[in-house]
file structure.tsv (TSV, C-alpha atoms and all ligand atoms)
chain	number	residue	atom	x	y	z
A	763	MET	CA	-106.67	152.71	255.53
A	764	PHE	CA	-103.49	150.88	254.42
A	765	HIS	CA	-101.27	152.56	257.02
A	766	ASN	CA	-103.00	151.21	260.09
A	767	ILE	CA	-104.36	147.76	259.27
A	768	PRO	CA	-105.21	146.12	262.62
A	769	LYS	CA	-102.74	143.41	263.65
A	770	ALA	CA	-105.41	140.65	263.72
A	771	ILE	CA	-106.36	141.45	260.11
A	772	GLN	CA	-102.73	141.56	259.00
A	773	GLU	CA	-102.08	138.18	260.63
A	774	ARG	CA	-105.15	136.56	259.08
A	775	MET	CA	-104.24	137.99	255.66
A	776	ARG	CA	-100.70	136.55	255.92
A	777	TYR	CA	-102.15	133.18	257.02
A	778	LEU	CA	-104.64	133.00	254.14
A	779	GLU	CA	-101.98	134.15	251.65
A	780	SER	CA	-99.75	131.26	252.79
A	781	ILE	CA	-102.56	128.68	252.41
A	782	ASN	CA	-103.47	130.10	248.99
A	783	LYS	CA	-99.84	129.89	247.84
A	784	ARG	CA	-99.37	126.34	249.20
A	785	ASP	CA	-102.59	125.08	247.55
A	786	ARG	CA	-101.50	126.43	244.16
A	787	VAL	CA	-98.51	124.10	244.07
A	788	ASN	CA	-99.48	121.02	246.09
A	789	GLY	CA	-102.17	119.65	243.77
A	790	THR	CA	-105.21	120.74	245.81
A	791	PRO	CA	-108.19	120.37	243.44
A	792	ASP	CA	-109.41	123.64	241.95
A	793	GLN	CA	-112.75	123.57	243.77
A	794	ARG	CA	-111.03	123.21	247.15
A	795	ARG	CA	-108.42	125.93	246.60
A	796	LEU	CA	-109.12	129.36	248.09
A	797	ARG	CA	-108.38	131.05	244.73
A	798	GLN	CA	-107.82	134.43	246.36
A	799	ILE	CA	-107.11	137.74	244.73
A	800	PRO	CA	-103.52	139.00	245.13
A	801	PRO	CA	-102.82	141.81	247.65
A	802	GLU	CA	-102.61	144.56	244.99
A	803	THR	CA	-106.14	143.67	243.81
A	804	GLY	CA	-107.21	143.76	247.46
A	805	LYS	CA	-105.90	147.30	247.75
A	806	PHE	CA	-107.55	148.27	244.46
A	807	ILE	CA	-111.02	147.03	245.48
A	808	ALA	CA	-110.63	148.60	248.92
A	809	LEU	CA	-109.85	151.98	247.32
A	810	LEU	CA	-112.91	151.68	245.06
A	811	ALA	CA	-115.15	150.52	247.91
A	812	GLY	CA	-113.99	153.48	249.98
A	813	ALA	CA	-114.96	155.85	247.15
A	814	ALA	CA	-118.37	154.32	246.31
A	815	PRO	CA	-121.59	156.16	247.22
A	816	GLU	CA	-123.50	155.24	250.36
A	817	GLY	CA	-125.79	152.29	249.68
A	818	THR	CA	-125.80	148.50	249.67
A	819	TYR	CA	-122.38	146.82	249.53
A	820	LEU	CA	-122.14	143.27	248.17
A	821	GLU	CA	-119.49	140.67	247.43
A	822	ILE	CA	-120.14	137.51	245.41
A	823	GLY	CA	-117.60	134.75	246.13
A	824	THR	CA	-116.26	134.99	249.70
A	825	SER	CA	-114.06	131.88	249.78
A	826	ALA	CA	-112.21	132.15	253.15
A	827	GLY	CA	-112.86	135.88	253.41
A	828	TYR	CA	-109.54	137.26	252.16
A	829	SER	CA	-111.01	139.78	249.68
A	830	THR	CA	-113.73	140.52	252.26
A	831	LEU	CA	-111.02	141.62	254.70
A	832	TRP	CA	-109.82	144.24	252.22
A	833	LEU	CA	-113.39	145.44	251.62
A	834	ALA	CA	-114.08	145.47	255.36
A	835	LEU	CA	-111.14	147.84	255.88
A	836	ALA	CA	-112.87	150.35	253.59
A	837	CYS	CA	-116.31	149.72	255.11
A	838	LYS	CA	-115.05	150.20	258.66
A	839	GLU	CA	-113.40	153.48	257.74
A	840	ILE	CA	-116.59	154.95	256.27
A	841	GLY	CA	-119.07	153.26	258.62
A	842	ARG	CA	-120.70	150.84	256.16
A	843	ARG	CA	-121.52	147.13	256.14
A	844	ILE	CA	-121.05	144.52	253.43
A	845	VAL	CA	-123.03	141.39	252.56
A	846	THR	CA	-120.90	138.59	251.11
A	847	PHE	CA	-122.20	135.42	249.41
A	848	GLU	CA	-120.53	132.01	249.42
A	849	ILE	CA	-122.06	128.81	248.04
A	850	ASP	CA	-119.57	126.32	249.54
A	851	LYS	CA	-120.25	125.35	253.17
A	852	GLU	CA	-116.64	124.44	254.03
A	853	LYS	CA	-115.43	127.79	252.74
A	854	CYS	CA	-118.18	129.48	254.78
A	855	ASP	CA	-116.70	127.84	257.90
A	856	LEU	CA	-113.27	129.27	257.03
A	857	ALA	CA	-114.78	132.69	256.32
A	858	ARG	CA	-116.65	132.69	259.65
A	859	GLU	CA	-113.35	131.91	261.36
A	860	THR	CA	-111.72	134.80	259.45
A	861	PHE	CA	-114.42	137.26	260.52
A	862	ARG	CA	-114.35	136.03	264.14
A	863	ARG	CA	-110.56	136.22	264.47
A	864	THR	CA	-110.37	139.69	262.96
A	865	GLY	CA	-113.26	141.23	264.91
A	866	ILE	CA	-115.21	142.32	261.83
A	867	LYS	CA	-118.42	140.35	262.45
A	868	LYS	CA	-120.40	143.58	262.80
A	869	THR	CA	-119.11	144.89	259.45
A	870	VAL	CA	-119.73	141.72	257.43
A	871	GLU	CA	-122.83	139.60	256.86
A	872	LEU	CA	-122.13	136.18	255.35
A	873	VAL	CA	-124.94	134.63	253.29
A	874	ILE	CA	-124.60	130.93	252.46
A	875	GLY	CA	-125.93	130.01	249.04
A	876	ASP	CA	-125.99	130.82	245.36
A	877	ALA	CA	-125.89	134.63	245.15
A	878	ARG	CA	-128.06	134.55	242.02
A	879	GLU	CA	-131.02	133.45	244.13
A	880	TYR	CA	-130.66	136.41	246.51
A	881	LEU	CA	-129.76	139.40	244.35
A	882	GLN	CA	-133.40	140.32	243.66
A	883	ASN	CA	-133.73	141.09	247.41
A	884	TYR	CA	-131.27	143.98	247.21
A	885	LYS	CA	-131.64	147.50	245.85
A	886	ASN	CA	-129.59	150.71	245.90
A	887	ILE	CA	-126.45	148.66	245.35
A	888	SER	CA	-123.54	151.08	245.49
A	889	PHE	CA	-120.67	148.59	245.36
A	890	CYS	CA	-120.27	144.95	244.34
A	891	PHE	CA	-117.17	142.80	243.98
A	892	LEU	CA	-117.90	139.79	241.74
A	893	ASP	CA	-115.47	136.88	242.05
A	894	ALA	CA	-117.50	133.66	241.65
A	895	GLU	CA	-117.64	130.80	239.10
A	896	LYS	CA	-117.26	132.32	235.68
A	897	ASP	CA	-120.48	130.79	234.31
A	898	ALA	CA	-122.41	132.85	236.90
A	899	TYR	CA	-121.00	136.23	235.82
A	900	TYR	CA	-123.44	137.04	233.01
A	901	ASP	CA	-126.47	136.26	235.13
A	902	CYS	CA	-125.07	138.19	238.11
A	903	TYR	CA	-124.33	141.18	235.84
A	904	GLU	CA	-127.90	141.25	234.49
A	905	LYS	CA	-129.33	141.01	238.00
A	906	LEU	CA	-126.97	143.58	239.52
A	907	ILE	CA	-126.99	146.48	237.05
A	908	PRO	CA	-130.73	147.36	237.31
A	909	ARG	CA	-130.43	147.25	241.10
A	910	MET	CA	-127.45	149.59	241.27
A	911	MET	CA	-127.72	153.24	242.19
A	912	ARG	CA	-126.29	156.01	240.06
A	913	GLY	CA	-122.53	156.17	240.63
A	914	GLY	CA	-122.49	152.63	242.00
A	915	LEU	CA	-119.45	150.49	241.17
A	916	LEU	CA	-119.34	146.88	240.00
A	917	VAL	CA	-115.89	145.29	239.97
A	918	ALA	CA	-115.51	141.83	238.39
A	919	ASP	CA	-112.33	139.78	238.83
A	920	ASN	CA	-110.56	137.65	236.17
A	921	ALA	CA	-111.47	139.95	233.27
A	922	ILE	CA	-108.06	139.23	231.69
A	923	SER	CA	-107.12	135.78	233.05
A	924	HIS	CA	-110.53	134.35	231.97
A	925	LYS	CA	-111.30	136.69	229.11
A	926	GLU	CA	-112.40	133.92	226.74
A	927	ILE	CA	-115.00	132.35	229.02
A	928	LEU	CA	-116.12	135.82	230.17
A	929	LYS	CA	-116.32	137.18	226.61
A	930	PRO	CA	-120.17	137.46	226.44
A	931	MET	CA	-120.35	139.26	229.79
A	932	LEU	CA	-117.38	141.53	229.04
A	933	ALA	CA	-118.79	142.45	225.63
A	934	ARG	CA	-122.17	143.15	227.22
A	935	ALA	CA	-120.66	145.41	229.90
A	936	LEU	CA	-118.30	147.30	227.58
A	937	ALA	CA	-121.17	148.09	225.17
A	938	ASP	CA	-123.82	148.67	227.84
A	939	LYS	CA	-125.14	152.25	227.78
A	940	ARG	CA	-126.28	151.96	231.40
A	941	VAL	CA	-122.64	151.98	232.58
A	942	ASP	CA	-119.19	153.35	231.91
A	943	ALA	CA	-116.87	150.33	231.87
A	944	LEU	CA	-113.16	149.60	231.59
A	945	VAL	CA	-110.86	146.61	232.10
A	946	VAL	CA	-107.96	147.50	234.41
A	947	PRO	CA	-104.77	145.39	234.09
A	948	ILE	CA	-104.16	144.73	237.77
A	949	GLY	CA	-103.93	141.21	239.20
A	950	SER	CA	-106.06	138.90	237.04
A	951	GLY	CA	-107.71	141.92	235.37
A	952	GLU	CA	-110.60	143.86	236.87
A	953	LEU	CA	-113.66	144.94	234.95
A	954	VAL	CA	-114.84	148.18	236.58
A	955	CYS	CA	-118.35	149.44	235.75
A	956	ARG	CA	-119.88	152.67	237.03
A	957	LYS	CA	-123.65	152.94	236.82
A	958	LEU	CA	-124.85	156.02	234.95
B	1001	LIG	C1	-112.31	132.80	243.24
B	1001	LIG	S1	-113.08	132.27	244.70
B	1001	LIG	C2	-113.31	133.78	245.61
B	1001	LIG	C3	-112.05	134.29	246.23
B	1001	LIG	C4	-112.28	135.47	247.15
B	1001	LIG	N1	-113.00	136.54	246.47
B	1001	LIG	C5	-110.96	136.03	247.63
B	1001	LIG	O1	-110.28	136.71	246.84
B	1001	LIG	O2	-110.60	135.76	248.79
B	1001	LIG	C6	-114.71	132.01	244.13
B	1001	LIG	C7	-115.67	131.60	245.25
B	1001	LIG	O3	-117.00	131.82	244.79
B	1001	LIG	C8	-117.83	130.80	245.28
B	1001	LIG	N2	-118.99	130.79	244.38
B	1001	LIG	C9	-119.02	130.34	243.11
B	1001	LIG	N3	-120.21	130.54	242.54
B	1001	LIG	C10	-120.98	131.14	243.50
B	1001	LIG	C11	-122.32	131.63	243.52
B	1001	LIG	N4	-123.11	131.51	242.45
B	1001	LIG	N5	-122.77	132.22	244.66
B	1001	LIG	C12	-121.96	132.35	245.74
B	1001	LIG	N6	-120.67	131.89	245.77
B	1001	LIG	C13	-120.20	131.32	244.67
B	1001	LIG	C14	-116.94	129.56	245.23
B	1001	LIG	O4	-117.39	128.55	246.10
B	1001	LIG	C15	-115.58	130.12	245.63
B	1001	LIG	O5	-115.34	130.02	247.01
call {"tool": "encode", "arguments": {"input": "structure.tsv", "output": "structure tokens", "more": "lines below"}}
Ligand SMILES: C[S@@+](CC[C@H](N)C(=O)[O-])C[C@H]1O[C@@H](n2cnc3c(N)ncnc32)[C@H](O)[C@@H]1O
result
Amino acid sequence: MFHNIPKAIQERMRYLESINKRDRVNGTPDQRRLRQIPPETGKFIALLAGAAPEGTYLEIGTSAGYSTLWLALACKEIGRRIVTFEIDKEKCDLARETFRRTGIKKTVELVIGDAREYLQNYKNISFCFLDAEKDAYYDCYEKLIPRMMRGGLLVADNAISHKEILKPMLARALADKRVDALVVPIGSGELVCRKL
């Protein structure tokens, strides 16, 4: 998967990485920044997505589609599709451009809106990457876990960088008997939960 990343995907990744880096230092307001995961987190979620059972694949927080590109690499390899949610219309435009330029429109479905209003429509969730506003995490967790299949994986970003604001959700997950859970110190810290 990492040895033969198509050129169009590599180019779009480099482009989005450069915008993300520039926005961090030039005073772009937080809400407008892409706030992407770093490449090593991209590889980590792609490895997990590639190892998840067959079922419904979700991502919450698309931004411009950078993390989606990593997940799409895994999905393409194993013949699966992923639904990704983004609430911000301008970021949806960027994400659409990302998916068009990289030829992954058939692998990815972009849903515009607050993911919390859609999650009840999904079942047999076998993989979800959660990377949205931190105040949405607890609610997303409670909606996702009952809809996940046995062996399904939930990966939540910023488990270390935002550990204070995420404390209630992290405590809930780490004590939750429905899952095995662990915080992995990669990138901003990834909470990984496996449904029992
Ligand atoms: C940290 S960024 C995601 C970065 C992206 N995962 C990446 O690494 O390329 C968070 C994104 O989640 C979106 N978002 C926040 N709350 C949301 C919600 N409740 N439903 C859908 N999208 C949401 C924001 O607009 C923002 O673009």
call {"tool": "residues_near_point", "arguments": {"input": "structure.tsv", "point": "(-122.3, 127.1, 255.2)", "cutoff": "6 Å", "atoms": "all atoms listed in the file", "output": "JSON, numbers by chain"}}
result
{"A": [851, 854, 874]}
call {"tool": "residues_near_point", "arguments": {"input": "structure.tsv", "point": "(-116.2, 148.7, 245.9)", "cutoff": "8 Å", "atoms": "only C-alpha atoms", "output": "list in words"}}
result
Ile807, Ala808, Leu809, Leu810, Ala811, Gly812, Ala813, Ala814, Tyr819, Leu833, Ser888, Phe889, Cys890, Phe891, Leu915, Leu916 and Val917 of chain A
call {"tool": "write_last_selection", "arguments": {"input": "structure.tsv", "atoms": "C-alpha atoms", "output": "PDB file, in the coordinates of the input"}}
result
ATOM      1  CA  ILE A 807    -111.020 147.030 245.480  1.00  0.00           C
ATOM      2  CA  ALA A 808    -110.630 148.600 248.920  1.00  0.00           C
ATOM      3  CA  LEU A 809    -109.850 151.980 247.320  1.00  0.00           C
ATOM      4  CA  LEU A 810    -112.910 151.680 245.060  1.00  0.00           C
ATOM      5  CA  ALA A 811    -115.150 150.520 247.910  1.00  0.00           C
ATOM      6  CA  GLY A 812    -113.990 153.480 249.980  1.00  0.00           C
ATOM      7  CA  ALA A 813    -114.960 155.850 247.150  1.00  0.00           C
ATOM      8  CA  ALA A 814    -118.370 154.320 246.310  1.00  0.00           C
ATOM      9  CA  TYR A 819    -122.380 146.820 249.530  1.00  0.00           C
ATOM     10  CA  LEU A 833    -113.390 145.440 251.620  1.00  0.00           C
ATOM     11  CA  SER A 888    -123.540 151.080 245.490  1.00  0.00           C
ATOM     12  CA  PHE A 889    -120.670 148.590 245.360  1.00  0.00           C
ATOM     13  CA  CYS A 890    -120.270 144.950 244.340  1.00  0.00           C
ATOM     14  CA  PHE A 891    -117.170 142.800 243.980  1.00  0.00           C
ATOM     15  CA  LEU A 915    -119.450 150.490 241.170  1.00  0.00           C
ATOM     16  CA  LEU A 916    -119.340 146.880 240.000  1.00  0.00           C
ATOM     17  CA  VAL A 917    -115.890 145.290 239.970  1.00  0.00           C
TER      18      VAL A 917
END
call {"tool": "residues_near_ligand", "arguments": {"input": "structure.tsv", "ligand": "ligand LIG 1001 (chain B)", "cutoff": "10 Å", "atoms": "all atoms listed in the file", "output": "MDAnalysis selection string"}}
result
chainID A and resid 775 778:779 782 792:801 803:804 821:832 846:854 857 873:880 891:899 901:902 918:920
call {"tool": "atom_distance", "arguments": {"input": "structure.tsv", "atom1": "CA of Ser780 (chain A)", "atom2": "CA of Leu856 (chain A)"}}
result
14.3 Å
call {"tool": "closest_residue", "arguments": {"input": "structure.tsv", "among": "A:Val845, A:Ile907, A:Arg786, A:Thr860", "to": "Arg934 (chain A)", "atoms": "all atoms listed in the file"}}
result
A:Ile907
call {"tool": "axis_aligned_box", "arguments": {"input": "structure.tsv", "around": "region 814-832 of chain A", "padding_each_side": "5 Å", "output": "lines of an AutoDock Vina configuration file"}}
result
center_x = -117.7
center_y = 144.0
center_z = 250.1
size_x = 26.3
size_y = 34.3
size_z = 19.3
call {"tool": "atom_distance", "arguments": {"input": "structure.tsv", "atom1": "CA of Tyr777 (chain A)", "atom2": "CA of Ser923 (chain A)"}}
result
24.6 Å
call {"tool": "residues_around", "arguments": {"input": "structure.tsv", "residues": "Val945 (chain A)", "least_positions_apart": "2", "cutoff": "9 Å", "atoms": "all atoms listed in the file", "output": "JSON, numbers by chain"}}
result
{"A": [921, 922, 932, 936, 943, 947, 948, 951, 952, 953, 954, 955]}
call {"tool": "atom_distance", "arguments": {"input": "structure.tsv", "atom1": "CA of Ala933 (chain A)", "atom2": "CA of Val946 (chain A)"}}
result
14.8 Å
call {"tool": "closest_residue", "arguments": {"input": "structure.tsv", "among": "A:Arg956, A:Lys925, A:Ser950, A:Pro791", "to": "Asp938 (chain A)", "atoms": "only C-alpha atoms"}}
result
A:Arg956
call {"tool": "closest_residue", "arguments": {"input": "structure.tsv", "among": "A:Val941, A:Ile927, A:Leu872, A:Ile866", "to": "Ala770 (chain A)", "atoms": "all atoms listed in the file"}}
result
A:Ile866
call {"tool": "closest_residue", "arguments": {"input": "structure.tsv", "among": "A:Asp855, A:Thr869, A:Pro908, A:Ile840", "to": "Gln882 (chain A)", "atoms": "all atoms listed in the file"}}
result
A:Pro908
call {"tool": "decode", "arguments": {"input": "structure.tsv", "residues": "region 785-835 of chain A", "atoms": "C-alpha atoms", "output": "CSV table (one decimal), in the first residue's frame"}}
result
chain,number,residue,atom,x,y,z
A,785,ASP,CA,-1.6,28.0,7.6
A,786,ARG,CA,0.0,27.0,10.9
A,787,VAL,CA,2.4,29.9,10.8
A,788,ASN,CA,0.7,32.7,8.8
A,789,GLY,CA,-2.1,33.4,11.3
A,790,THR,CA,-5.0,31.7,9.5
A,791,PRO,CA,-7.8,31.4,12.0
A,792,ASP,CA,-8.2,28.0,13.6
A,793,GLN,CA,-11.6,27.3,12.0
A,794,ARG,CA,-10.2,28.0,8.5
A,795,ARG,CA,-7.0,25.9,8.9
A,796,LEU,CA,-7.0,22.4,7.5
A,797,ARG,CA,-5.7,21.0,10.8
A,798,GLN,CA,-4.6,17.8,9.1
A,799,ILE,CA,-3.0,14.7,10.7
A,800,PRO,CA,0.7,14.2,10.1
A,801,PRO,CA,1.8,11.6,7.6
A,802,GLU,CA,2.8,9.0,10.2
A,803,THR,CA,-0.7,9.1,11.6
A,804,GLY,CA,-2.0,8.8,8.0
A,805,LYS,CA,0.0,5.6,7.7
A,806,PHE,CA,-1.2,4.3,11.1
A,807,ILE,CA,-4.9,4.8,10.3
A,808,ALA,CA,-4.4,3.3,6.8
A,809,LEU,CA,-2.8,0.2,8.4
A,810,LEU,CA,-5.7,-0.2,10.8
A,811,ALA,CA,-8.3,0.4,8.1
A,812,GLY,CA,-6.6,-2.2,6.0
A,813,ALA,CA,-6.9,-4.7,8.9
A,814,ALA,CA,-10.5,-4.0,9.9
A,815,PRO,CA,-13.3,-6.5,9.2
A,816,GLU,CA,-15.5,-6.0,6.2
A,817,GLY,CA,-18.4,-3.6,7.0
A,818,THR,CA,-19.2,0.1,7.0
A,819,TYR,CA,-16.2,2.4,6.9
A,820,LEU,CA,-16.7,6.0,8.3
A,821,GLU,CA,-14.6,9.1,8.8
A,822,ILE,CA,-15.8,12.1,10.9
A,823,GLY,CA,-14.0,15.3,10.0
A,824,THR,CA,-12.8,15.3,6.3
A,825,SER,CA,-11.4,18.8,6.1
A,826,ALA,CA,-9.7,18.9,2.6
A,827,GLY,CA,-9.6,15.1,2.4
A,828,TYR,CA,-6.0,14.5,3.5
A,829,SER,CA,-6.7,11.8,6.1
A,830,THR,CA,-9.3,10.4,3.7
A,831,LEU,CA,-6.6,9.9,1.1
A,832,TRP,CA,-4.7,7.6,3.5
A,833,LEU,CA,-7.9,5.7,4.3
A,834,ALA,CA,-8.8,5.5,0.6
A,835,LEU,CA,-5.4,3.8,-0.1
